[in-house]
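Below is one structure, written out as structure tokens; the observations come after it.
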Amino acid sequence: MPAYSDKPLWNKLGLTPGSRAVVKNTTERSLPDILAEAPFTLAPKADFFPGMNFVHLFVDKRAELARQIQSATTFLDPAGMVWVSWPKKSAKTDTDITEDTIRDVVLPMGLVDVKVCSVTDELWSGLKIVVRRENRSRDHA
């Protein structure tokens with residue numbers, strides 16, 4: 001069985017055919033192609049919409065994270081996921097976000113982190129956020 005890190009990014013992130021996806025970049029940095037090597041076609045939208053079940057936010061500022069996560073959860077399907085990506089420390093870039101910063105923002109909102117992964121070797125880490133099971137109703141946000 002291949003190592004987990006050998007999986008293509010789309011697979012690690014949980015993208016599937018028919019995902020109702022949004023990819024939002026709030027930074028000046030270029031984004032990785034999260035659908036590289038996917039055996040299906042998917043056209044992620046740039047803005048949040050009702051019923052979306054996959055969101056990938058790229059952020060480098062805590063204040064922007066807080067704004068975006070609040071907006072995202074307003075439209076997120078209760079069983080959906082939000083990936084938050086931030087610059088790795090090794091990238092030596094200007095950011096005020098870490099894994100702990102993300103948790104500080106999302107946990108009080110009834111969200112919880114369930115997985116971490118390297119989105120790119122050079123720049124982006126990612127933390128998967130979901131609505132806590134006990135909060136999975138249409139009015140969770």
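Each chain in the structure tokens gets a letter, A, B and so on, in the order shown; residues start at 1 in every chain, and ligands are counted from 1 in the order they appear.
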Selection: 9 Å around Thr120 (chain A), only C-alpha atoms, excl. self and same-chain fewer than 3 positions, as a PyMOL selection string: chain A and resi 9+32+117+123-125
Write out, as a tab-separated table (two decimals), in the first residue's frame, the residues just selected, with C-alpha atoms.
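Output contents, as saved in again_12.tsv:
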chain	number	residue	atom	x	y	z
A	9	LEU	CA	-3.56	16.37	-3.33
A	32	PRO	CA	-1.42	25.11	-6.08
A	117	CYS	CA	-1.66	17.96	5.65
A	123	LEU	CA	4.63	27.00	1.03
A	124	TRP	CA	1.21	25.80	2.15
A	125	SER	CA	0.05	23.71	5.11
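Around region 28-31 of chain A, within 12 Å and counting only C-alpha atoms, the residues found are Val23, Ala36, His56, Leu57, Phe58, Val59, Asp60, Lys61, Ser85, Trp86, Pro87, Ala91, Thr93, Asp94, Thr95, Val119, Thr120, Glu122, Leu123, Trp124 and Ser125 of chain A, once anything fewer than 5 positions away on its own chain is removed.
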Emit the selected residues as a PDB file, in the first residue's frame, including C-alpha atoms.
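Listed below is the output, again_22.pdb:
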ATOM      1  CA  VAL A  23     -11.415  27.823  -3.598  1.00  0.00           C
ATOM      2  CA  ALA A  36      -3.895  18.139 -10.521  1.00  0.00           C
ATOM      3  CA  HIS A  56     -10.417  25.695   0.546  1.00  0.00           C
ATOM      4  CA  LEU A  57      -9.339  29.033   2.013  1.00  0.00           C
ATOM      5  CA  PHE A  58      -5.810  30.311   1.500  1.00  0.00           C
ATOM      6  CA  VAL A  59      -5.063  32.936   4.148  1.00  0.00           C
ATOM      7  CA  ASP A  60      -2.091  34.644   5.742  1.00  0.00           C
ATOM      8  CA  LYS A  61      -3.806  37.050   8.164  1.00  0.00           C
ATOM      9  CA  SER A  85      -4.216  26.763   4.270  1.00  0.00           C
ATOM     10  CA  TRP A  86      -1.563  29.096   5.649  1.00  0.00           C
ATOM     11  CA  PRO A  87       2.115  29.671   4.859  1.00  0.00           C
ATOM     12  CA  ALA A  91       8.510  29.594   3.915  1.00  0.00           C
ATOM     13  CA  THR A  93       6.846  34.738   4.839  1.00  0.00           C
ATOM     14  CA  ASP A  94       4.810  37.405   6.616  1.00  0.00           C
ATOM     15  CA  THR A  95       1.871  35.721   8.362  1.00  0.00           C
ATOM     16  CA  VAL A 119      -0.681  21.192   0.628  1.00  0.00           C
ATOM     17  CA  THR A 120       2.608  22.007  -1.080  1.00  0.00           C
ATOM     18  CA  GLU A 122       7.323  24.706  -0.312  1.00  0.00           C
ATOM     19  CA  LEU A 123       4.633  27.004   1.032  1.00  0.00           C
ATOM     20  CA  TRP A 124       1.206  25.796   2.147  1.00  0.00           C
ATOM     21  CA  SER A 125       0.047  23.714   5.113  1.00  0.00           C
TER      22      SER A 125
END
Distance query Arg136 (chain A) at most 7 Å, only C-alpha atoms, self and fewer than 5 positions along chain excluded, as number ranges by chain: A: 78-79, 131
Sel. of alpha helix (DSSP H) residues, region 78-135 of chain A, as a ChimeraX atom specification: /A:99-106
Sel. of strand (DSSP E or B) residues, chain A, as a PyMOL selection string: chain A and resi 21-25+45+52-58+76-87+111-118+124-131
Keeping only C-alpha atoms, write those residues as a compact mmCIF listing (two decimals), in the first residue's frame.
# COMPACT_ATOMS: atom_id res chain seq x y z
CA ALA A 21 -16.47 23.44 -4.20
CA VAL A 22 -15.09 26.90 -3.54
CA VAL A 23 -11.41 27.82 -3.60
CA LYS A 24 -10.74 31.28 -2.20
CA ASN A 25 -7.37 33.02 -2.14
CA LYS A 45 -16.19 28.62 -7.71
CA MET A 52 -21.29 24.06 -0.92
CA ASN A 53 -19.62 21.06 0.69
CA PHE A 54 -15.94 21.81 0.10
CA VAL A 55 -14.13 25.08 0.75
CA HIS A 56 -10.42 25.69 0.55
CA LEU A 57 -9.34 29.03 2.01
CA PHE A 58 -5.81 30.31 1.50
CA LEU A 76 -21.57 25.37 4.14
CA ASP A 77 -23.50 22.12 4.01
CA PRO A 78 -23.50 20.82 7.62
CA ALA A 79 -21.61 17.69 6.55
CA GLY A 80 -19.15 19.72 4.46
CA MET A 81 -15.54 20.68 5.10
CA VAL A 82 -13.37 23.75 5.08
CA TRP A 83 -9.65 23.46 4.48
CA VAL A 84 -7.68 26.41 5.77
CA SER A 85 -4.22 26.76 4.27
CA TRP A 86 -1.56 29.10 5.65
CA PRO A 87 2.11 29.67 4.86
CA LEU A 111 -16.17 23.91 14.41
CA VAL A 112 -13.37 21.42 14.99
CA ASP A 113 -10.16 20.48 13.18
CA VAL A 114 -9.85 16.84 12.14
CA LYS A 115 -6.85 16.57 9.82
CA VAL A 116 -3.65 18.36 8.85
CA CYS A 117 -1.66 17.96 5.65
CA SER A 118 1.04 19.55 3.58
CA TRP A 124 1.21 25.80 2.15
CA SER A 125 0.05 23.71 5.11
CA GLY A 126 -3.62 22.82 5.49
CA LEU A 127 -6.00 22.13 8.36
CA LYS A 128 -9.35 20.46 7.72
CA ILE A 129 -12.24 22.01 9.64
CA VAL A 130 -15.73 20.55 10.02
CA VAL A 131 -18.87 21.41 11.94
Interatomic distance (Å, one decimal) between CA of Pro17 (chain A) and CA of Ile102 (chain A):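 CA of Ile102 (chain A) lies at a distance of 28.1 Å from CA of Pro17 (chain A).
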Interatomic distance (Å, one decimal) between CA of Lys7 (chain A) and CA of Thr98 (chain A):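 Computing it gives 24.2 Å between the two atoms.
Between CA of Lys89 (chain A) and CA of Phe48 (chain A) lies a distance of 28.5 Å.
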